[in-house]
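Trainee: Below is protein_11.txt; it holds compact mmCIF, C-alpha atoms.
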```txt
# COMPACT_ATOMS: atom_id res chain seq x y z
CA MET A 94 0.00 0.00 0.00
CA VAL A 95 2.78 2.43 0.93
CA ALA A 96 4.74 1.43 -2.18
CA SER A 97 1.75 2.19 -4.39
CA LEU A 98 1.31 5.67 -2.82
CA VAL A 99 4.99 6.55 -3.35
CA SER A 100 4.80 5.49 -7.00
CA LEU A 101 1.78 7.73 -7.60
CA MET A 102 3.48 10.74 -5.99
CA SER A 103 6.59 10.24 -8.12
CA ILE A 104 4.56 10.22 -11.33
CA VAL A 105 2.82 13.47 -10.37
CA ALA A 106 6.06 15.14 -9.26
CA PHE A 107 8.01 14.27 -12.35
CA ALA A 108 5.23 14.85 -14.90
CA GLY A 109 6.10 18.52 -15.18
CA PRO A 110 9.59 18.16 -16.75
CA ALA A 111 8.34 15.45 -19.06
CA SER A 112 5.59 17.72 -20.35
CA ALA A 113 8.08 20.67 -20.75
CA ALA A 114 10.25 18.50 -22.92
CA GLY A 115 7.20 17.75 -25.08
CA GLU A 116 6.33 21.55 -25.58
CA SER A 117 9.93 22.48 -26.39
CA VAL A 118 9.30 22.12 -30.21
CA GLY A 119 7.37 25.38 -30.33
CA SER A 120 9.63 27.18 -27.92
CA CYS A 121 12.61 25.87 -29.80
CA VAL A 122 11.20 27.24 -33.05
CA ALA A 123 10.39 30.58 -31.35
CA GLU A 124 13.74 30.71 -29.72
CA LYS A 125 15.58 29.92 -32.97
CA PHE A 126 13.51 32.36 -34.84
CA GLU A 127 14.09 35.12 -32.28
CA GLN A 128 17.80 34.40 -32.39
CA SER A 129 17.70 34.65 -36.17
CA LEU A 130 15.85 37.98 -35.95
CA GLU A 131 18.60 39.50 -33.92
CA GLY A 132 20.44 42.01 -36.05
CA TYR A 133 17.25 42.86 -38.00
CA GLY A 134 15.09 45.96 -37.61
CA ASP A 135 15.64 48.68 -35.07
CA GLY A 136 15.68 46.85 -32.02
CA ASP A 137 12.08 46.66 -30.76
CA HIS A 138 10.29 46.79 -34.06
CA ILE A 139 10.71 44.31 -36.90
CA SER A 140 9.17 44.78 -40.24
CA HIS A 141 7.42 42.30 -42.50
CA GLU A 142 10.22 42.42 -44.91
CA ASP A 143 12.66 41.45 -42.26
CA LEU A 144 10.46 38.57 -41.24
CA HIS A 145 10.23 37.33 -44.85
CA GLU A 146 13.88 37.60 -45.27
CA VAL A 147 14.67 35.75 -42.12
CA ALA A 148 12.11 33.13 -43.00
CA LYS A 149 13.65 32.60 -46.38
CA ASP A 150 17.08 32.41 -45.01
CA LYS A 151 18.35 28.85 -45.48
CA LYS A 152 20.30 28.82 -42.33
CA VAL A 153 17.36 29.91 -40.31
CA GLN A 154 15.22 27.22 -41.94
CA GLU A 155 17.77 24.66 -41.13
CA LYS A 156 17.81 25.80 -37.52
CA LEU A 157 14.03 25.73 -37.35
CA GLU A 158 13.91 22.34 -38.97
CA GLY A 159 16.45 21.30 -36.40
CA CYS A 160 13.75 21.99 -33.79
CA LEU A 161 11.45 19.67 -35.61
CA ASP A 162 13.86 16.80 -35.46
CA ALA A 163 12.42 13.99 -33.27
CA PRO A 164 14.34 13.13 -30.14
CA SER A 165 16.24 9.82 -30.01
CA PRO A 166 13.88 6.97 -29.34
CA ILE A 167 16.55 5.24 -27.28
CA LEU A 168 18.51 7.89 -25.52
CA PRO A 169 16.44 10.57 -23.81
CA GLU A 170 17.58 13.99 -23.26
CA LEU A 171 20.13 14.59 -20.59
CA THR A 172 17.78 16.50 -18.28
CA GLU A 173 15.26 13.78 -18.56
CA ILE A 174 17.95 11.27 -17.69
CA ILE A 175 18.93 13.37 -14.70
CA TRP A 176 15.35 13.86 -13.53
CA GLY A 177 14.40 10.34 -14.24
CA GLY A 178 17.55 8.97 -12.65
CA SER A 179 17.10 11.15 -9.60
CA ALA A 180 13.50 10.18 -9.25
CA PHE A 181 14.39 6.59 -9.71
CA LEU A 182 17.12 6.80 -7.09
CA ILE A 183 14.87 8.63 -4.65
CA LEU A 184 12.13 6.16 -5.27
CA LEU A 185 14.59 3.31 -4.96
CA VAL A 186 15.90 4.66 -1.68
CA ILE A 187 12.38 5.18 -0.36
CA MET A 188 11.39 1.76 -1.52
CA VAL A 189 14.52 0.20 -0.01
CA LYS A 190 14.10 2.10 3.23
CA LYS A 191 10.33 2.02 3.65
CA GLY A 192 8.56 0.11 0.93
CA PHE A 193 10.45 -3.14 0.91
CA PRO A 194 10.45 -3.58 4.71
CA ALA A 195 6.75 -2.75 4.76
CA VAL A 196 6.05 -5.16 1.91
CA LYS A 197 8.34 -7.73 3.52
CA GLY A 198 6.62 -7.20 6.89
CA ALA A 199 3.22 -7.53 5.28
CA MET A 200 4.37 -10.62 3.43
CA ASP A 201 5.91 -12.03 6.59
CA ALA A 202 2.76 -11.22 8.54
CA ARG A 203 0.68 -12.81 5.84
CA SER A 204 2.96 -15.85 5.79
CA GLU A 205 2.85 -15.96 9.53
CA ARG A 206 -0.92 -15.69 9.49
CA ILE A 207 -1.20 -18.39 6.89
CA ARG A 208 1.24 -20.55 8.85
CA ALA A 209 -0.74 -19.86 12.01
CA ASP A 210 -3.92 -20.71 10.14
CA LEU A 211 -2.29 -23.88 8.86
CA ASP A 212 -1.05 -24.68 12.32
CA ALA A 213 -4.52 -24.00 13.73
CA ALA A 214 -6.02 -26.16 11.04
CA GLU A 215 -3.48 -28.86 11.80
CA GLN A 216 -4.23 -28.50 15.48
CA ALA A 217 -7.95 -28.63 14.82
CA LYS A 218 -7.42 -31.70 12.70
CA THR A 219 -5.32 -33.27 15.43
CA ASP A 220 -7.95 -32.34 17.99
CA ALA A 221 -10.66 -33.73 15.80
CA GLN A 222 -8.70 -36.92 15.37
CA ALA A 223 -8.15 -37.06 19.11
CA VAL A 224 -11.85 -36.51 19.71
CA GLN A 225 -12.66 -39.11 17.10
CA SER A 226 -10.27 -41.62 18.62
CA ASP A 227 -11.70 -40.73 22.02
CA TYR A 228 -15.19 -41.35 20.72
CA GLU A 229 -14.07 -44.57 19.13
CA ALA A 230 -12.45 -45.65 22.40
CA GLN A 231 -15.61 -44.72 24.29
CA LEU A 232 -17.68 -46.61 21.76
CA ALA A 233 -15.43 -49.62 22.14
CA ASP A 234 -15.65 -49.29 25.91
CA ALA A 235 -19.41 -49.02 25.70
CA LYS A 236 -19.55 -52.11 23.52
CA THR A 237 -17.29 -53.98 25.94
CA GLU A 238 -19.33 -52.75 28.89
CA SER A 239 -22.61 -53.73 27.29
CA ALA A 240 -21.20 -57.16 26.46
CA ARG A 241 -19.99 -57.50 30.03
CA ILE A 242 -23.38 -56.46 31.42
CA ILE A 243 -25.18 -58.90 29.15
CA GLU A 244 -22.78 -61.66 30.18
CA GLU A 245 -23.22 -60.76 33.82
CA ALA A 246 -26.98 -60.79 33.48
CA ARG A 247 -26.80 -64.17 31.77
CA VAL A 248 -24.59 -65.57 34.51
CA THR A 249 -26.88 -64.12 37.17
CA ALA A 250 -29.92 -65.58 35.47
CA ASP A 251 -28.21 -68.98 35.22
CA GLN A 252 -27.23 -68.76 38.87
CA LEU A 253 -30.73 -67.72 39.87
CA ARG A 254 -32.24 -70.56 37.87
CA ALA A 255 -29.81 -73.01 39.44
CA ASP A 256 -30.50 -71.61 42.91
CA LEU A 257 -34.25 -71.83 42.44
CA SER A 258 -33.93 -75.32 41.13
CA THR A 259 -31.75 -76.35 44.06
CA GLN A 260 -34.10 -74.63 46.46
CA ALA A 261 -37.10 -76.34 44.96
CA GLU A 262 -35.36 -79.70 45.10
CA SER A 263 -34.35 -79.01 48.66
CA SER A 264 -37.90 -78.03 49.57
CA ILE A 265 -39.28 -81.14 47.93
CA ALA A 266 -36.74 -83.31 49.72
CA GLU A 267 -37.52 -81.56 52.97
CA MET A 268 -41.25 -82.01 52.47
CA ARG A 269 -40.70 -85.66 51.64
CA GLU A 270 -38.59 -86.12 54.73
CA LYS A 271 -41.17 -84.31 56.83
CA ALA A 272 -43.96 -86.37 55.36
CA ALA A 273 -41.97 -89.54 55.98
CA ALA A 274 -41.21 -88.39 59.51
CA ASP A 275 -44.88 -87.56 60.08
CA VAL A 276 -45.91 -90.95 58.80
CA GLU A 277 -43.28 -92.57 60.99
CA ALA A 278 -44.36 -90.54 64.00
CA GLN A 279 -48.01 -91.34 63.40
CA LYS A 280 -47.11 -94.99 63.00
CA ALA A 281 -45.08 -94.91 66.20
CA GLN A 282 -47.91 -93.09 67.98
CA ALA A 283 -50.44 -95.61 66.68
CA ILE A 284 -48.22 -98.47 67.83
CA ALA A 285 -47.74 -96.82 71.21
CA ASP A 286 -51.47 -96.18 71.53
CA LEU A 287 -52.19 -99.74 70.52
CA ARG A 288 -49.59 -101.04 72.89
CA ALA A 289 -50.99 -98.92 75.72
CA GLU A 290 -54.48 -100.09 74.93
CA VAL A 291 -53.37 -103.72 74.77
CA ALA A 292 -51.43 -103.23 77.99
CA GLY A 293 -54.45 -101.63 79.63
CA ILE A 294 -56.66 -104.50 78.52
CA ALA A 295 -54.07 -107.06 79.56
CA LEU A 296 -53.50 -105.38 82.91
CA GLY A 297 -57.21 -105.04 83.52
CA ALA A 298 -57.57 -108.73 82.76
CA ALA A 299 -54.54 -109.52 84.93
CA GLU A 300 -55.98 -107.41 87.76
CA ARG A 301 -59.28 -109.26 87.56
CA VAL A 302 -57.48 -112.60 87.46
CA VAL A 303 -55.35 -111.59 90.43
CA GLN A 304 -58.35 -110.34 92.36
CA SER A 305 -60.29 -113.54 91.67
CA ASN A 306 -57.32 -115.65 92.65
CA LEU A 307 -56.49 -113.71 95.78
CA ASP A 308 -58.45 -115.75 98.29
CA ALA A 309 -57.87 -115.54 102.02
CA GLU A 310 -55.07 -118.06 101.88
CA ALA A 311 -53.27 -116.23 99.12
CA GLN A 312 -53.72 -112.91 100.93
CA THR A 313 -52.23 -114.43 104.06
CA ARG A 314 -49.30 -115.78 102.06
CA LEU A 315 -48.77 -112.36 100.51
CA ILE A 316 -48.81 -110.68 103.91
CA ASP A 317 -46.34 -113.24 105.25
CA ALA A 318 -44.14 -112.72 102.22
CA TYR A 319 -44.37 -108.96 102.78
CA ILE A 320 -43.31 -109.36 106.42
CA ASP A 321 -40.36 -111.48 105.30
CA GLU A 322 -39.53 -108.84 102.73
CA VAL A 323 -39.55 -106.08 105.35
CA THR A 324 -37.38 -108.23 107.59
CA GLY A 325 -34.95 -108.81 104.73
CA SER A 326 -34.83 -105.14 103.71
CA ASN A 327 -32.46 -104.34 106.52
CA GLY A 328 -31.68 -100.68 106.35
CA MET B 271 -49.50 -82.37 112.12
CA ALA B 272 -47.70 -79.13 112.71
CA ASP B 273 -51.07 -77.34 112.71
CA SER B 274 -51.28 -76.00 116.27
CA PRO B 275 -55.09 -76.34 116.73
CA VAL B 276 -54.85 -79.93 115.49
CA VAL B 277 -52.01 -80.71 117.92
CA GLY B 278 -53.88 -78.87 120.69
CA TYR B 279 -57.02 -80.95 120.17
CA ALA B 280 -54.88 -84.14 119.96
CA ASP B 281 -53.22 -83.27 123.25
CA ALA B 282 -56.60 -82.59 124.84
CA LEU B 283 -57.95 -85.95 123.61
CA PHE B 284 -54.84 -87.68 124.88
CA SER B 285 -55.14 -86.01 128.32
CA VAL B 286 -58.79 -87.03 128.67
CA ALA B 287 -58.09 -90.62 127.52
CA GLU B 288 -55.11 -90.85 129.83
CA ALA B 289 -57.22 -89.51 132.72
CA GLU B 290 -59.89 -92.08 131.93
CA GLY B 291 -57.18 -94.76 131.85
CA ASN B 292 -58.27 -96.45 128.65
CA ILE B 293 -55.91 -94.98 126.11
CA SER B 294 -55.41 -98.13 124.15
CA ALA B 295 -59.09 -98.77 123.57
CA VAL B 296 -59.80 -95.13 122.77
CA GLU B 297 -56.87 -95.05 120.40
CA ASP B 298 -58.11 -98.06 118.46
CA GLU B 299 -61.67 -96.78 118.35
CA LEU B 300 -60.66 -93.33 117.22
CA PHE B 301 -58.32 -94.79 114.59
CA GLY B 302 -61.13 -96.96 113.29
CA PHE B 303 -63.48 -93.98 113.18
CA SER B 304 -60.82 -91.99 111.30
CA GLN B 305 -60.54 -94.74 108.66
CA THR B 306 -64.32 -94.76 108.29
CA LEU B 307 -64.30 -91.01 107.81
CA GLN B 308 -61.58 -91.18 105.17
CA THR B 309 -63.40 -93.79 103.14
CA ASN B 310 -66.86 -92.24 103.56
CA GLU B 311 -67.12 -88.89 101.88
CA ASP B 312 -70.80 -88.42 102.76
CA LEU B 313 -70.19 -88.91 106.46
CA ARG B 314 -67.25 -86.50 106.44
CA SER B 315 -69.16 -83.76 104.63
CA THR B 316 -72.25 -84.23 106.77
CA LEU B 317 -70.33 -83.91 110.03
CA SER B 318 -68.53 -80.77 108.85
CA ASP B 319 -71.60 -79.13 107.27
CA PRO B 320 -72.42 -75.95 109.30
CA GLU B 321 -75.90 -75.89 107.75
CA ILE B 322 -76.80 -79.06 109.64
CA PRO B 323 -77.60 -78.39 113.31
CA VAL B 324 -74.95 -79.56 115.74
CA SER B 325 -77.44 -81.66 117.63
CA LYS B 326 -78.24 -83.61 114.51
CA ARG B 327 -74.57 -84.19 113.74
CA LEU B 328 -73.96 -85.35 117.30
CA GLN B 329 -76.89 -87.67 116.98
CA ILE B 330 -75.34 -89.21 113.92
CA ILE B 331 -72.11 -89.92 115.83
CA GLU B 332 -73.96 -91.44 118.69
CA ASP B 333 -75.99 -93.61 116.34
CA LEU B 334 -72.85 -94.75 114.55
CA LEU B 335 -70.88 -95.61 117.67
CA ASP B 336 -73.73 -96.88 119.77
CA GLY B 337 -72.50 -100.07 121.36
CA LYS B 338 -69.34 -100.15 119.26
CA ALA B 339 -67.17 -97.69 121.16
CA SER B 340 -66.55 -96.63 124.68
CA SER B 341 -68.32 -93.64 126.12
CA THR B 342 -64.98 -91.84 126.32
CA THR B 343 -64.45 -92.16 122.59
CA THR B 344 -67.98 -90.99 121.85
CA SER B 345 -67.60 -88.04 124.18
CA LEU B 346 -64.30 -87.01 122.63
CA LEU B 347 -65.70 -87.15 119.09
CA THR B 348 -68.77 -85.23 120.21
CA MET B 349 -66.56 -82.54 121.69
CA VAL B 350 -64.56 -82.12 118.47
CA VAL B 351 -67.65 -82.03 116.25
CA SER B 352 -69.38 -79.58 118.64
CA ALA B 353 -66.35 -77.31 118.35
CA GLY B 354 -66.81 -77.31 114.56
CA ARG B 355 -63.58 -79.23 113.91
CA ALA B 356 -65.15 -82.24 112.24
CA GLY B 357 -63.20 -81.46 109.03
CA ASP B 358 -59.94 -81.80 111.00
CA LEU B 359 -60.91 -85.06 112.69
CA PRO B 360 -58.61 -87.36 110.63
CA SER B 361 -55.63 -85.07 111.30
CA ILE B 362 -56.52 -84.72 114.99
CA ILE B 363 -56.88 -88.49 115.41
CA ASN B 364 -53.56 -89.12 113.57
CA ALA B 365 -51.84 -86.61 115.86
CA PHE B 366 -53.53 -88.24 118.85
CA VAL B 367 -52.32 -91.71 117.80
CA GLU B 368 -48.79 -90.42 117.30
CA ARG B 369 -48.93 -88.60 120.63
CA SER B 370 -50.13 -91.77 122.32
CA ALA B 371 -47.40 -93.90 120.70
CA ASN B 372 -44.78 -91.32 121.59
CA SER B 373 -45.88 -91.51 125.19
CA ARG B 374 -44.83 -95.15 125.04
CA ASN B 375 -41.66 -94.21 123.17
CA LYS B 376 -42.96 -95.74 119.98
CA ALA B 377 -43.70 -94.58 116.46
CA VAL B 378 -46.86 -95.34 114.46
CA ALA B 379 -46.63 -97.68 111.50
CA THR B 380 -49.74 -97.38 109.34
CA VAL B 381 -50.18 -100.61 107.39
CA ARG B 382 -52.58 -100.59 104.44
CA SER B 383 -53.69 -104.02 103.45
CA ALA B 384 -56.54 -105.65 101.56
CA ILE B 385 -57.33 -107.81 104.55
CA ASP B 386 -56.89 -107.38 108.25
CA LEU B 387 -53.70 -108.78 109.80
CA THR B 388 -53.79 -111.43 112.44
CA GLN B 389 -52.33 -110.66 115.81
CA GLU B 390 -49.42 -112.94 115.01
CA GLN B 391 -48.80 -111.13 111.74
CA ARG B 392 -48.93 -107.75 113.46
CA GLN B 393 -46.40 -108.96 116.00
CA ARG B 394 -44.05 -110.30 113.33
CA LEU B 395 -44.41 -107.13 111.28
CA THR B 396 -43.61 -105.02 114.34
CA GLU B 397 -40.47 -107.02 114.89
CA ALA B 398 -39.62 -106.95 111.21
CA ILE B 399 -39.93 -103.13 111.15
CA LYS B 400 -37.76 -102.88 114.25
CA THR B 401 -35.18 -105.14 112.61
CA SER B 402 -35.36 -103.18 109.36
CA THR B 403 -35.53 -99.59 110.64
CA GLY B 404 -34.47 -99.88 114.27
CA LYS B 405 -37.71 -98.19 115.39
CA ASP B 406 -40.17 -99.44 117.97
CA VAL B 407 -43.54 -99.08 116.30
CA GLU B 408 -47.18 -99.66 116.94
CA VAL B 409 -48.85 -101.17 113.90
CA LYS B 410 -52.15 -99.60 112.85
CA VAL B 411 -53.87 -101.55 110.07
CA VAL B 412 -56.03 -99.78 107.49
CA ILE B 413 -58.14 -102.02 105.28
CA ASP B 414 -57.74 -100.81 101.70
CA PRO B 415 -59.04 -103.11 98.93
CA SER B 416 -57.16 -101.08 96.25
CA VAL B 417 -53.93 -102.57 97.61
CA LEU B 418 -55.22 -105.89 96.14
CA GLY B 419 -52.67 -108.01 98.03
CA GLY B 420 -49.64 -107.63 100.28
CA ALA B 421 -49.30 -104.40 102.28
CA ILE B 422 -47.96 -100.83 102.32
CA THR B 423 -46.37 -99.60 105.54
CA GLU B 424 -45.93 -95.88 106.31
CA ILE B 425 -43.70 -94.84 109.22
CA GLY B 426 -43.54 -91.06 109.21
CA ASP B 427 -42.13 -90.21 105.78
CA ASP B 428 -40.83 -93.72 105.10
CA ILE B 429 -42.93 -96.03 102.90
CA ILE B 430 -42.37 -99.77 102.45
CA ASP B 431 -44.54 -100.82 99.52
CA GLY B 432 -44.97 -104.58 98.94
CA SER B 433 -48.44 -104.45 97.45
CA VAL B 434 -49.80 -106.31 94.42
CA ARG B 435 -50.98 -102.90 93.24
CA ARG B 436 -47.37 -101.76 93.02
CA ARG B 437 -46.41 -104.86 91.05
CA LEU B 438 -49.23 -104.20 88.60
CA ASN B 439 -48.18 -100.57 88.29
CA GLN B 440 -44.61 -101.65 87.61
CA LEU B 441 -45.91 -104.00 84.95
CA ARG B 442 -47.95 -101.17 83.44
CA GLU B 443 -44.84 -98.96 83.36
CA SER B 444 -42.82 -101.70 81.67
CA PHE B 445 -45.40 -101.85 78.87
CA ARG B 446 -44.90 -98.18 78.02
```
Is it possible to give me this structure as structure tokens?
Mentor:
Amino acid sequence: MVASLVSLMSIVAFAGPASAAGESVGSCVAEKFEQSLEGYGDGDHISHEDLHEVAKDKKVQEKLEGCLDAPSPILPELTEIIWGGSAFLILLVIMVKKGFPAVKGAMDARSERIRADLDAAEQAKTDAQAVQSDYEAQLADAKTESARIIEEARVTADQLRADLSTQAESSIAEMREKAAADVEAQKAQAIADLRAEVAGIALGAAERVVQSNLDAEAQTRLIDAYIDEVTGSNG
Amino acid sequence: MADSPVVGYADALFSVAEAEGNISAVEDELFGFSQTLQTNEDLRSTLSDPEIPVSKRLQIIEDLLDGKASSTTTSLLTMVVSAGRAGDLPSIINAFVERSANSRNKAVATVRSAIDLTQEQRQRLTEAIKTSTGKDVEVKVVIDPSVLGGAITEIGDDIIDGSVRRRLNQLRESFR
């Protein structure tokens, strides 16, 4: 931007001399013609005859024609070279001093910005890849976790089924044992009841037999036996 | 026995019998009456029923003992029933019998048997008990058909059971 401004100022500044060089054909003719008029007339006033004479003069014509000669297409005039060269040098110095560092700084800044953008893009890409790999890892973890949970649930269900089965078998066995024990107990009770009843009947019968057989003689013998028993139970 | 009114009445009976000089007869008669009372629930409740007039109760005693007991025995029983102690009569008579035996330095051996013992049997049993326990005892026989056969002797807290009833009970236990 600064370089562009300096270039524009240089063109404006050095346009004047360039234009003067372009208008010098007329002034050259006038100058040559005035020089050729010197020596004619009375100083300030020149007559038509003098003008015609000067104009017809071959030398003057040659001089005037010399003004019409085109400048060299290759080599400019010396002044133009000086002006141009000076302008170029000034411009060069300005450019070297101000323009180039500015342009270089801008370029560097731009490069830096681009590099920063590239770095940022690279970083973003790396981040994105990290996030992606993170997501993938999480996904894998989730898959593993879900598989583990399913497996755990299956194992638990199997265990529960086995437990229930064992419990049911145990309960059935227990009930069977209890039923068997009840039957056994009832049988034992029935036998005991029967035995008691039989014993009662037998003892009742025995008591009646004893009573009927215990006549006076037997009673006396029993008493005598009792007395002997008491005698024998010394102490 | 440790009941003081019971012991007091027993002592009173003993003093009267001793004063009358027929302790032995009174003792036997009272013991017999006591056994009758223990086996006859109606008689026991009638004699101790306060609703029945005392005169009527005394009349019952006199009717029961008329000609079977001495006048001393009848008088003593009348006194106890008049005093309203008919319910304690068995205890009073037991205490009296013990008191009487003690006065002769003897203990009382109550023998429960299905039949009465002969005098010879009583004598042998007395000697047998002395041999067995070292105590001089007076045998009092109580007729108890539930004994079936043999006898059960009680001397204080000691019991010598040789009854047929016990044998049958042992048999019953062995069946269980």
Trainee: Could you list, as a PyMOL selection string, every residue within 8 Å of Thr342 in chain B, counting only C-alpha atoms and ignoring same-chain residues fewer than 5 positions away?
Mentor: chain B and resi 287+290+296
Trainee: I need the contact residues of chain B against chain A, so if you could list those with any atom within 12 Å, counting all atoms listed in the file, and return them as a VMD selection string, that would help.
Mentor: chain B and resid 381 to 388 390 to 405 415 to 423 428 to 446
Trainee: Hey, can you check how far CA of Ala221 in chain A sits from CA of Ser239 in chain A?
Mentor: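 CA of Ser239 in chain A lies at a distance of 26.0 Å from CA of Ala221 in chain A.
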Trainee: Applying 7 Å and only C-alpha atoms, which residues near range 141-156 of chain A remain after dropping the ones on its own chain fewer than 6 positions away? List them as a PyMOL selection string.
Mentor: chain A and resi 125+129-130+133-134
Trainee: Mind giving me the axis-aligned box for range 431-441 of chain B with 4 Å on every side, centre plus edges in Å to one decimal, as AutoDock Vina command-line options?
Mentor:
```
--center_x -47.8 --center_y -103.4 --center_z 92.2 --size_x 14.4 --size_y 13.7 --size_z 22.6
```
Trainee: Expressed in Å to a single decimal, how great is the separation between CA of Val186 in chain A and CA of Glu205 in chain A?
Mentor: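 Distance between the two atoms: 26.9 Å.
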Trainee: What lies within 8 Å of Ile331 in chain B using all atoms listed in the file, ignoring chain neighbours under 4 positions off, as a ChimeraX atom specification?
Mentor: /B:327,335,344,347-348
Trainee: Which value, in Å to one decimal, gives the distance between CA of Ser120 in chain A and CA of Phe181 in chain A?
Mentor: 27.9 Å
Trainee: Between B:Ser340, B:Ser318, B:Ser274, B:Gln389, which residue has the minimum interatomic distance to Arg355 in chain B, considering only C-alpha atoms?
Mentor: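 Counting only C-alpha atoms, the residue closest to Arg355 in chain B is B:Ser318.
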Trainee: Write out as a ChimeraX atom specification the residues lying within 12 Å of Glu288 in chain B, counting only C-alpha atoms and excluding same-chain residues fewer than 6 positions away.
Mentor: /B:280-282,294-297,342-343,366,369-370,373
Trainee: Store the residues of this selection in a file with C-alpha atoms, as a PDB file, in the frame of the given file.
Mentor:
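And here's out_20.pdb as it stands now:
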```pdb
ATOM      1  CA  ALA B 280     -54.880 -84.140 119.960  1.00  0.00           C
ATOM      2  CA  ASP B 281     -53.220 -83.270 123.250  1.00  0.00           C
ATOM      3  CA  ALA B 282     -56.600 -82.590 124.840  1.00  0.00           C
ATOM      4  CA  SER B 294     -55.410 -98.130 124.150  1.00  0.00           C
ATOM      5  CA  ALA B 295     -59.090 -98.770 123.570  1.00  0.00           C
ATOM      6  CA  VAL B 296     -59.800 -95.130 122.770  1.00  0.00           C
ATOM      7  CA  GLU B 297     -56.870 -95.050 120.400  1.00  0.00           C
ATOM      8  CA  THR B 342     -64.980 -91.840 126.320  1.00  0.00           C
ATOM      9  CA  THR B 343     -64.450 -92.160 122.590  1.00  0.00           C
ATOM     10  CA  PHE B 366     -53.530 -88.240 118.850  1.00  0.00           C
ATOM     11  CA  ARG B 369     -48.930 -88.600 120.630  1.00  0.00           C
ATOM     12  CA  SER B 370     -50.130 -91.770 122.320  1.00  0.00           C
ATOM     13  CA  SER B 373     -45.880 -91.510 125.190  1.00  0.00           C
TER      14      SER B 373
END
```
Trainee: At a cut-off of 8 Å, using only C-alpha atoms, what residues contact range 311-316 of chain B? Leave out same-chain residues fewer than 2 positions from it and give the result as an NGL selection string.
Mentor: :B and (307-309 or 318-319 or 322 or 327 or 356-357)
Trainee: Using the atoms already present, construct N, CA and C atoms for range 327-342 of chain B and hand them back as a short mmCIF file (atom, residue, chain, number, x, y, z; two decimals), keeping the file's coordinate frame.
Mentor:
```cif
data_model
loop_
_atom_site.label_atom_id
_atom_site.label_comp_id
_atom_site.auth_asym_id
_atom_site.auth_seq_id
_atom_site.Cartn_x
_atom_site.Cartn_y
_atom_site.Cartn_z
N ARG B 327 -75.87 -83.59 114.06
CA ARG B 327 -74.57 -84.19 113.74
C ARG B 327 -74.12 -85.08 114.91
N LEU B 328 -74.34 -84.56 116.13
CA LEU B 328 -73.96 -85.35 117.30
C LEU B 328 -74.78 -86.63 117.38
N GLN B 329 -76.02 -86.50 116.96
CA GLN B 329 -76.89 -87.67 116.98
C GLN B 329 -76.39 -88.73 116.00
N ILE B 330 -75.89 -88.28 114.91
CA ILE B 330 -75.34 -89.21 113.92
C ILE B 330 -74.17 -89.98 114.52
N ILE B 331 -73.27 -89.26 115.22
CA ILE B 331 -72.11 -89.92 115.83
C ILE B 331 -72.56 -90.96 116.87
N GLU B 332 -73.49 -90.51 117.66
CA GLU B 332 -73.96 -91.44 118.69
C GLU B 332 -74.60 -92.68 118.09
N ASP B 333 -75.36 -92.46 117.01
CA ASP B 333 -75.99 -93.61 116.34
C ASP B 333 -74.94 -94.53 115.75
N LEU B 334 -73.90 -93.95 115.19
CA LEU B 334 -72.85 -94.75 114.55
C LEU B 334 -72.08 -95.59 115.58
N LEU B 335 -71.75 -94.94 116.71
CA LEU B 335 -70.88 -95.61 117.67
C LEU B 335 -71.64 -96.35 118.78
N ASP B 336 -72.94 -96.28 118.70
CA ASP B 336 -73.73 -96.88 119.77
C ASP B 336 -73.40 -98.36 119.92
N GLY B 337 -72.83 -98.69 121.08
CA GLY B 337 -72.50 -100.07 121.36
C GLY B 337 -71.22 -100.56 120.74
N LYS B 338 -70.57 -99.71 119.92
CA LYS B 338 -69.34 -100.15 119.26
C LYS B 338 -68.12 -99.48 119.86
N ALA B 339 -68.32 -98.41 120.59
CA ALA B 339 -67.17 -97.69 121.16
C ALA B 339 -67.47 -97.31 122.60
N SER B 340 -66.40 -97.02 123.28
CA SER B 340 -66.55 -96.63 124.68
C SER B 340 -67.18 -95.26 124.77
N SER B 341 -67.70 -94.95 125.93
CA SER B 341 -68.32 -93.64 126.12
C SER B 341 -67.29 -92.53 126.02
N THR B 342 -66.05 -92.85 126.42
CA THR B 342 -64.98 -91.84 126.32
C THR B 342 -64.77 -91.45 124.85
#
```
